[in-house]
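Presented below is the structure to which this report refers.
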Amino acid sequence: MSARTAPVTGIGSVMGRMVQPLLQRWRGEKASRYVPYYERFFRRTREGLRARHLRDLRRILVHAGETCPFYRERFRAHGFDPRRVPLPEGLTEIPSLARIDIVERYEDMVSLAYDRERLITRKTGGTTNVPIPFYQDREAIARKTALTQVFRRAMGWHVGMKQAWVWGAAQDKPAKERTPFHALKEDAILRHVERILDIDSGSFSPESLDAKIEALRAFDADVLQGYPVATDLIAQRALETGVRLDIPVVVLTAEPVLETHRRRIGEAMGANVLSFYGSRENGWITYDHPETKEMLINTAGVFLETNPETGEIYVTDLLNRGMPLIRYEIGDVGALSDAPARCGAPNPVLASIGGRTADVIVLPSGRLIPGVNADYRGLVLDPHGIVDVQMVQNEIGVMDVYYVPAKEFREENLRVYIERMDRIFLGELEWRTHPVERIEPEPNGKVRCMISRVPRP
């Protein structure tokens, strides 16, 4: 283990062991209490972990059937008794959970065991489809945050390290409606206490890429998390200009991670390039083993199935009891492995994944906008007005928008969406809209939010 990937010392150790935990306590975050538990959780044998996995699965099924009107109705309609059915085989007795189910039965999916006012409202990730709101209970959020810390540590990302983020997700960034004082305070905490450098993933020109590279060099990050396409654009520019970055660990997510991404980013940044697969609604689903790169499944947080005919992945959230998601159609395709992990971990392995795809959009000015950036910033959509949307660029300067209107659709829904997207694409595009009954999936089963057929310069 190199000095840069070992647990941090010096000022980083002080920040990680003392200052950052105090900041979390001041914010009311409770994830740290669960970290030791989950570190022990994955020390079980393979057989012991599977037994615990199925026990947690049955527990969430019983809870959903007893306290959620939607699941009570669904289980009865299909003769499904979560207390008696053999698991996991018996899960196929109930239908998978589609996005339209959540849109139309949103309120009935909330557990009656919880005060709705005390639940936290979140929105699903927007890489593949239009984001929709869902509830999470506070304990589930704390447990998922703790699991994130455990998995990061396993990947060589330790508390107190200096972090660079090539990111565009609006909900991960400070609110824009800030006074100058609050903005200054939050930015100071971000940079000097949490030790985070925010690299915008919105637009890439040679000049902006050079500026991002210089910022990364000056910051001297220990770890970088980013979108694969955006991070790869930085890596390509660094290799073109002969600039070498030193970032020991790079973690990619939100898009398919190609071997070309791993190779270029690893070469440009001297990094061990890893990835994780997750979602807003489910948290981390898999994480890479740092040596074998196997996608180890987070059995403490989710139960995974794949459709034997289509390969579509269904996710059951084992932690969110406020609004359970049972056999949720996450919108990806993949395959589970029957073999034990080569690395010796007790976790089952996700052998392959079709991944989430978002293209890079070419603007008339020559600037490049990674599609995933627009996907995440589209979170302002009224989910009851538009069920699905797809943007297709067939020629420079023009974007065709295909959208599926919901029953409550109003022209205002579309107008707001176009206005927000137009700002992201810097006002350089002409927008053409097309209402459709459904968005057709790709051959791999994915419904891509962003497609560009314009060659990149």
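If you're wondering about the labels, chains in the structure tokens are A, B, ... by order shown, residues count from 1 in each chain, ligands from 1 in order shown.
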Just the residues within 10 Å of A:Asn282, please, counting only C-alpha atoms, with nothing from its chain fewer than 5 positions along; format it as an MDAnalysis selection string. chainID A and resid 124:125 136 140:141 144 301:302 315:320 325 328 330
Include C-alpha atoms and write out the residues we just selected as an mmCIF file, in the first residue's frame.
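As written to disk, part_31.cif reads:
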```cif
data_model
loop_
_atom_site.group_PDB
_atom_site.id
_atom_site.type_symbol
_atom_site.label_atom_id
_atom_site.label_comp_id
_atom_site.auth_asym_id
_atom_site.auth_seq_id
_atom_site.Cartn_x
_atom_site.Cartn_y
_atom_site.Cartn_z
ATOM 1 C CA THR A 124 -34.667 9.219 -7.891
ATOM 2 C CA GLY A 125 -31.562 9.621 -10.016
ATOM 3 C CA GLN A 136 -36.834 7.708 3.206
ATOM 4 C CA ALA A 140 -32.233 4.251 6.602
ATOM 5 C CA ILE A 141 -30.360 7.368 5.489
ATOM 6 C CA LYS A 144 -26.763 3.938 3.986
ATOM 7 C CA GLY A 301 -28.542 -2.728 1.946
ATOM 8 C CA VAL A 302 -30.123 -4.397 -1.073
ATOM 9 C CA VAL A 315 -33.630 -4.086 -6.516
ATOM 10 C CA THR A 316 -35.281 -4.598 -3.138
ATOM 11 C CA ASP A 317 -34.186 -1.986 -0.582
ATOM 12 C CA LEU A 318 -33.572 -3.730 2.761
ATOM 13 C CA LEU A 319 -33.179 -0.533 4.816
ATOM 14 C CA ASN A 320 -35.834 2.018 3.842
ATOM 15 C CA LEU A 325 -39.185 -0.422 -2.726
ATOM 16 C CA TYR A 328 -37.857 -2.081 -8.112
ATOM 17 C CA ILE A 330 -34.016 0.325 -11.614
#
```
Residues within 12 Å of A:Glu107, only C-alpha atoms, excluding chain neighbours under 2 positions, as a PyMOL selection string: chain A and resi 68-71+101-105+109-112+116+133-135+322-324
Please compute the atom CA of A:Arg74-atom CA of A:Leu91 distance, one decimal, in Å. 12.4 Å
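If you look at atom CA of A:Gly278 and atom CA of A:Ser201, they are 19.3 Å away from each other.
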Just want the 8 Å neighbourhood of A:Met391, counted on only C-alpha atoms, with same-chain residues fewer than 6 positions away dropped. Output as a ChimeraX atom specification. /A:399-402,449-451
Please write the residues from the selection above to a file, keeping C-alpha atoms, as a compact mmCIF listing (two decimals), in the first residue's frame.
```txt
# COMPACT_ATOMS: atom_id res chain seq x y z
CA MET A 399 -32.19 18.97 -29.81
CA ASP A 400 -35.27 16.79 -30.28
CA VAL A 401 -37.16 16.11 -27.05
CA TYR A 402 -39.42 13.05 -26.89
CA CYS A 449 -32.16 9.94 -21.47
CA MET A 450 -29.54 11.50 -23.76
CA ILE A 451 -28.46 10.45 -27.24
```
State, in Å with one decimal place, the distance from atom CA of A:Val35 to atom CA of A:Gly344. 21.5 Å
A:Thr148 environment, 12 Å, only C-alpha atoms, sequence neighbours closer than 2 positions dropped, as a ChimeraX atom specification: /A:31-32,34-35,38-39,141-146,150-155,157-159,276-278,282-287,298,300-301
Selection near stretch 254-268 of chain A, 9 Å with only C-alpha atoms, sequence-local residues under 4 positions removed, as an NGL selection string: :A and (125 or 127 or 226-229 or 231-232 or 234-239 or 242-246 or 248 or 250 or 272-279 or 353-358 or 372)
